[in-house]
$ cat coords_11.txt   # compact mmCIF, N, CA and C atoms
# COMPACT_ATOMS: atom_id res chain seq x y z
N ASN V 1 1.95 115.31 -17.47
CA ASN V 1 1.36 114.64 -16.33
C ASN V 1 0.05 114.00 -16.78
N LEU V 2 0.03 112.69 -16.83
CA LEU V 2 -1.13 111.96 -17.34
C LEU V 2 -2.39 112.24 -16.53
N GLN V 3 -2.28 112.19 -15.22
CA GLN V 3 -3.47 112.41 -14.38
C GLN V 3 -4.04 113.81 -14.58
N ALA V 4 -3.18 114.80 -14.64
CA ALA V 4 -3.63 116.18 -14.86
C ALA V 4 -4.27 116.33 -16.24
N GLY V 5 -3.68 115.67 -17.24
CA GLY V 5 -4.25 115.71 -18.58
C GLY V 5 -5.64 115.10 -18.64
N VAL V 6 -5.82 113.98 -17.99
CA VAL V 6 -7.13 113.32 -17.95
C VAL V 6 -8.14 114.20 -17.22
N SER V 7 -7.74 114.77 -16.11
CA SER V 7 -8.64 115.66 -15.36
C SER V 7 -9.03 116.86 -16.21
N LYS V 8 -8.09 117.41 -16.98
CA LYS V 8 -8.37 118.54 -17.86
C LYS V 8 -9.36 118.13 -18.94
N VAL V 9 -9.17 116.97 -19.55
CA VAL V 9 -10.08 116.49 -20.58
C VAL V 9 -11.49 116.32 -20.01
N ILE V 10 -11.60 115.72 -18.85
CA ILE V 10 -12.91 115.52 -18.23
C ILE V 10 -13.56 116.86 -17.93
N SER V 11 -12.79 117.81 -17.44
CA SER V 11 -13.32 119.15 -17.17
C SER V 11 -13.82 119.81 -18.45
N LEU V 12 -13.04 119.71 -19.52
CA LEU V 12 -13.44 120.30 -20.80
C LEU V 12 -14.68 119.62 -21.36
N ILE V 13 -14.78 118.31 -21.21
CA ILE V 13 -15.97 117.57 -21.66
C ILE V 13 -17.19 118.06 -20.91
N GLN V 14 -17.10 118.18 -19.62
CA GLN V 14 -18.22 118.63 -18.80
C GLN V 14 -18.61 120.07 -19.15
N GLN V 15 -17.62 120.92 -19.34
CA GLN V 15 -17.87 122.31 -19.69
C GLN V 15 -18.55 122.41 -21.05
N ALA V 16 -18.04 121.68 -22.02
CA ALA V 16 -18.63 121.70 -23.36
C ALA V 16 -20.07 121.20 -23.33
N ALA V 17 -20.31 120.12 -22.60
CA ALA V 17 -21.66 119.57 -22.51
C ALA V 17 -22.61 120.56 -21.84
N SER V 18 -22.14 121.25 -20.81
CA SER V 18 -23.00 122.21 -20.12
C SER V 18 -23.31 123.41 -21.01
N ASN V 19 -22.48 123.63 -22.05
CA ASN V 19 -22.74 124.70 -23.02
C ASN V 19 -23.50 124.20 -24.24
N GLY V 20 -23.98 122.95 -24.18
CA GLY V 20 -24.83 122.43 -25.24
C GLY V 20 -24.14 121.64 -26.33
N ALA V 21 -22.86 121.36 -26.18
CA ALA V 21 -22.14 120.60 -27.21
C ALA V 21 -22.72 119.19 -27.33
N GLN V 22 -22.85 118.74 -28.55
CA GLN V 22 -23.31 117.38 -28.80
C GLN V 22 -22.18 116.51 -29.33
N LEU V 23 -21.10 117.13 -29.74
CA LEU V 23 -19.93 116.42 -30.25
C LEU V 23 -18.68 117.13 -29.74
N ILE V 24 -17.79 116.38 -29.14
CA ILE V 24 -16.56 116.95 -28.58
C ILE V 24 -15.39 116.16 -29.14
N GLY V 25 -14.38 116.86 -29.61
CA GLY V 25 -13.20 116.20 -30.15
C GLY V 25 -11.94 116.85 -29.60
N PHE V 26 -10.88 116.08 -29.56
CA PHE V 26 -9.59 116.57 -29.10
C PHE V 26 -8.54 116.22 -30.15
N PRO V 27 -7.54 117.07 -30.31
CA PRO V 27 -6.51 116.80 -31.32
C PRO V 27 -5.60 115.64 -30.93
N GLU V 28 -4.95 115.12 -31.92
CA GLU V 28 -3.96 114.07 -31.70
C GLU V 28 -2.92 114.56 -30.70
N SER V 29 -2.51 113.70 -29.83
CA SER V 29 -1.50 114.00 -28.80
C SER V 29 -1.94 115.05 -27.79
N PHE V 30 -3.25 115.23 -27.61
CA PHE V 30 -3.72 116.17 -26.59
C PHE V 30 -3.23 115.74 -25.22
N ILE V 31 -3.27 114.44 -24.99
CA ILE V 31 -2.67 113.86 -23.78
C ILE V 31 -1.50 113.02 -24.27
N PRO V 32 -0.32 113.30 -23.95
CA PRO V 32 0.22 114.24 -22.97
C PRO V 32 0.60 115.59 -23.55
N GLY V 33 0.26 115.86 -24.78
CA GLY V 33 0.69 117.10 -25.42
C GLY V 33 1.78 116.79 -26.43
N PHE V 34 1.85 117.58 -27.45
CA PHE V 34 2.83 117.32 -28.50
C PHE V 34 4.18 117.90 -28.09
N PRO V 35 5.23 117.11 -28.09
CA PRO V 35 6.55 117.57 -27.64
C PRO V 35 7.31 118.34 -28.72
N MET V 36 6.91 119.56 -28.98
CA MET V 36 7.53 120.35 -30.06
C MET V 36 9.05 120.47 -29.89
N GLY V 37 9.53 120.50 -28.67
CA GLY V 37 10.95 120.69 -28.42
C GLY V 37 11.84 119.60 -28.98
N ILE V 38 11.31 118.40 -29.17
CA ILE V 38 12.18 117.33 -29.65
C ILE V 38 12.71 117.61 -31.05
N TRP V 39 12.00 118.40 -31.83
CA TRP V 39 12.46 118.69 -33.19
C TRP V 39 13.57 119.74 -33.18
N ALA V 40 13.54 120.60 -32.18
CA ALA V 40 14.56 121.66 -32.10
C ALA V 40 15.78 121.22 -31.30
N GLN V 41 15.57 120.36 -30.31
CA GLN V 41 16.65 120.01 -29.39
C GLN V 41 17.18 118.60 -29.56
N GLY V 42 16.59 117.84 -30.42
CA GLY V 42 17.02 116.46 -30.59
C GLY V 42 16.33 115.54 -29.61
N PHE V 43 16.56 114.27 -29.76
CA PHE V 43 15.91 113.26 -28.94
C PHE V 43 16.67 113.07 -27.62
N ASP V 44 15.97 113.36 -26.56
CA ASP V 44 16.50 113.19 -25.20
C ASP V 44 15.84 111.93 -24.65
N THR V 45 16.59 110.87 -24.46
CA THR V 45 16.01 109.59 -24.04
C THR V 45 15.31 109.68 -22.69
N THR V 46 15.81 110.50 -21.78
CA THR V 46 15.15 110.67 -20.48
C THR V 46 13.79 111.32 -20.67
N PHE V 47 13.75 112.39 -21.48
CA PHE V 47 12.48 113.07 -21.75
C PHE V 47 11.51 112.12 -22.44
N LEU V 48 11.98 111.40 -23.44
CA LEU V 48 11.09 110.51 -24.18
C LEU V 48 10.54 109.38 -23.31
N ALA V 49 11.33 108.88 -22.37
CA ALA V 49 10.84 107.85 -21.45
C ALA V 49 9.72 108.42 -20.57
N GLU V 50 9.92 109.64 -20.08
CA GLU V 50 8.90 110.29 -19.26
C GLU V 50 7.66 110.61 -20.09
N PHE V 51 7.87 111.06 -21.30
CA PHE V 51 6.76 111.35 -22.21
C PHE V 51 5.92 110.10 -22.45
N GLN V 52 6.58 108.98 -22.69
CA GLN V 52 5.87 107.73 -22.94
C GLN V 52 5.05 107.30 -21.73
N LYS V 53 5.60 107.48 -20.53
CA LYS V 53 4.85 107.12 -19.31
C LYS V 53 3.58 107.95 -19.17
N ASN V 54 3.56 109.13 -19.76
CA ASN V 54 2.41 110.02 -19.64
C ASN V 54 1.46 109.95 -20.82
N CYS V 55 1.71 109.05 -21.75
CA CYS V 55 0.81 108.86 -22.88
C CYS V 55 -0.43 108.09 -22.43
N LEU V 56 -1.54 108.38 -23.08
CA LEU V 56 -2.81 107.74 -22.74
C LEU V 56 -3.00 106.47 -23.55
N SER V 57 -3.21 105.36 -22.87
CA SER V 57 -3.51 104.09 -23.53
C SER V 57 -5.01 103.85 -23.47
N VAL V 58 -5.58 103.35 -24.55
CA VAL V 58 -7.01 103.07 -24.57
C VAL V 58 -7.38 101.90 -23.66
N GLN V 59 -6.39 101.21 -23.13
CA GLN V 59 -6.65 100.09 -22.22
C GLN V 59 -6.39 100.48 -20.77
N SER V 60 -6.19 101.76 -20.50
CA SER V 60 -5.82 102.21 -19.16
C SER V 60 -7.03 102.63 -18.32
N GLU V 61 -6.79 102.72 -17.04
CA GLU V 61 -7.81 103.22 -16.11
C GLU V 61 -8.13 104.69 -16.40
N GLU V 62 -7.14 105.44 -16.84
CA GLU V 62 -7.37 106.85 -17.17
C GLU V 62 -8.35 106.98 -18.33
N TYR V 63 -8.19 106.13 -19.33
CA TYR V 63 -9.11 106.15 -20.46
C TYR V 63 -10.52 105.78 -20.00
N LYS V 64 -10.60 104.84 -19.10
CA LYS V 64 -11.91 104.45 -18.55
C LYS V 64 -12.56 105.63 -17.84
N ARG V 65 -11.77 106.45 -17.13
CA ARG V 65 -12.31 107.63 -16.46
C ARG V 65 -12.94 108.59 -17.48
N ILE V 66 -12.28 108.76 -18.61
CA ILE V 66 -12.82 109.64 -19.66
C ILE V 66 -14.11 109.05 -20.22
N ARG V 67 -14.11 107.75 -20.47
CA ARG V 67 -15.31 107.10 -21.00
C ARG V 67 -16.49 107.23 -20.04
N VAL V 68 -16.23 107.10 -18.74
CA VAL V 68 -17.29 107.25 -17.74
C VAL V 68 -17.83 108.68 -17.77
N ALA V 69 -16.94 109.66 -17.86
CA ALA V 69 -17.37 111.06 -17.92
C ALA V 69 -18.27 111.31 -19.13
N ILE V 70 -17.88 110.73 -20.26
CA ILE V 70 -18.68 110.88 -21.48
C ILE V 70 -20.04 110.21 -21.31
N LYS V 71 -20.03 109.02 -20.77
CA LYS V 71 -21.28 108.29 -20.56
C LYS V 71 -22.22 109.07 -19.62
N ASN V 72 -21.63 109.66 -18.60
CA ASN V 72 -22.46 110.39 -17.61
C ASN V 72 -23.15 111.61 -18.20
N ILE V 73 -22.59 112.22 -19.24
CA ILE V 73 -23.22 113.39 -19.82
C ILE V 73 -23.93 113.08 -21.13
N GLY V 74 -23.72 111.90 -21.67
CA GLY V 74 -24.42 111.49 -22.89
C GLY V 74 -23.94 112.19 -24.14
N THR V 75 -22.67 112.62 -24.18
CA THR V 75 -22.11 113.31 -25.33
C THR V 75 -21.21 112.36 -26.10
N ILE V 76 -21.17 112.53 -27.40
CA ILE V 76 -20.30 111.71 -28.24
C ILE V 76 -18.90 112.31 -28.22
N TRP V 77 -17.90 111.45 -28.12
CA TRP V 77 -16.50 111.91 -28.17
C TRP V 77 -15.75 111.16 -29.22
$ encode --input "coords_11.txt" --output "structure tokens"
Amino acid sequence: NLQAGVSKVISLIQQAASNGAQLIGFPESFIPGFPMGIWAQGFDTTFLAEFQKNCLSVQSEEYKRIRVAIKNIGTIW
């Protein structure tokens, strides 16, 4: 769920900043999460289409929400 993932990232950014973090990083595929099951179960085109819809684009409004959250706390991401 892209919206839930973005909200989680913003919450974690705010929490880290309130604990004094000056640098915050997230692993590759944090949003939408790494689909470990595709390696065990094969490629399911329905799942992959849904997965792609939930991926974060750097040109999206969701990405802008994260950038605003970072700007508001003054932390590097």
$ closest_atom_pairs --input "coords_11.txt" --of "region 27-65 of chain V" --to "region 5-10 of chain V" --cutoff "7 Å" --atoms "only C-alpha atoms" --output "Markdown table"
| residue | atom | partner | partner_atom | distance |
| --- | --- | --- | --- | --- |
| V:Ile31 | CA | V:Gly5 | CA | 5.7 |
| V:Pro32 | CA | V:Gly5 | CA | 6.4 |
| V:Glu62 | CA | V:Val6 | CA | 6.5 |
$ write_last_selection --input "coords_11.txt" --atoms "N, CA and C atoms" --output "PDB file, in the frame of the given file"
ATOM      1  N   ILE V  31      -3.270 114.440 -24.990  1.00  0.00           N
ATOM      2  CA  ILE V  31      -2.670 113.860 -23.780  1.00  0.00           C
ATOM      3  C   ILE V  31      -1.500 113.020 -24.270  1.00  0.00           C
ATOM      4  N   PRO V  32      -0.320 113.300 -23.950  1.00  0.00           N
ATOM      5  CA  PRO V  32       0.220 114.240 -22.970  1.00  0.00           C
ATOM      6  C   PRO V  32       0.600 115.590 -23.550  1.00  0.00           C
ATOM      7  N   GLU V  62      -7.140 105.440 -16.840  1.00  0.00           N
ATOM      8  CA  GLU V  62      -7.370 106.850 -17.170  1.00  0.00           C
ATOM      9  C   GLU V  62      -8.350 106.980 -18.330  1.00  0.00           C
TER      10      GLU V  62
END
$ select_by_dssp --input "coords_11.txt" --residues "region 32-73 of chain V" --states "helix (DSSP H, G or I)" --output "ChimeraX atom specification"
/V:37-41,45-53,61-73
$ atom_distance --input "coords_11.txt" --atom1 "CA of Ile73 (chain V)" --atom2 "CA of Ile13 (chain V)"
8.6 Å
$ atom_distance --input "coords_11.txt" --atom1 "CA of Ser57 (chain V)" --atom2 "CA of Ile24 (chain V)"
19.0 Å
$ atom_distance --input "coords_11.txt" --atom1 "atom N of Ala21 (chain V)" --atom2 "CA of Gly74 (chain V)"
10.5 Å
$ axis_aligned_box --input "coords_11.txt" --around "region 57-73 of chain V" --padding-each-side "3 Å" --output "lines of an AutoDock Vina configuration file"
center_x = -13.6
center_y = 106.7
center_z = -20.3
size_x = 26.7
size_y = 19.3
size_z = 14.5
$ closest_residue --input "coords_11.txt" --among "V:Ala69, V:Phe30, V:Lys53, V:Ser60" --to "Gln15 (chain V)" --atoms "only C-alpha atoms"
V:Ala69
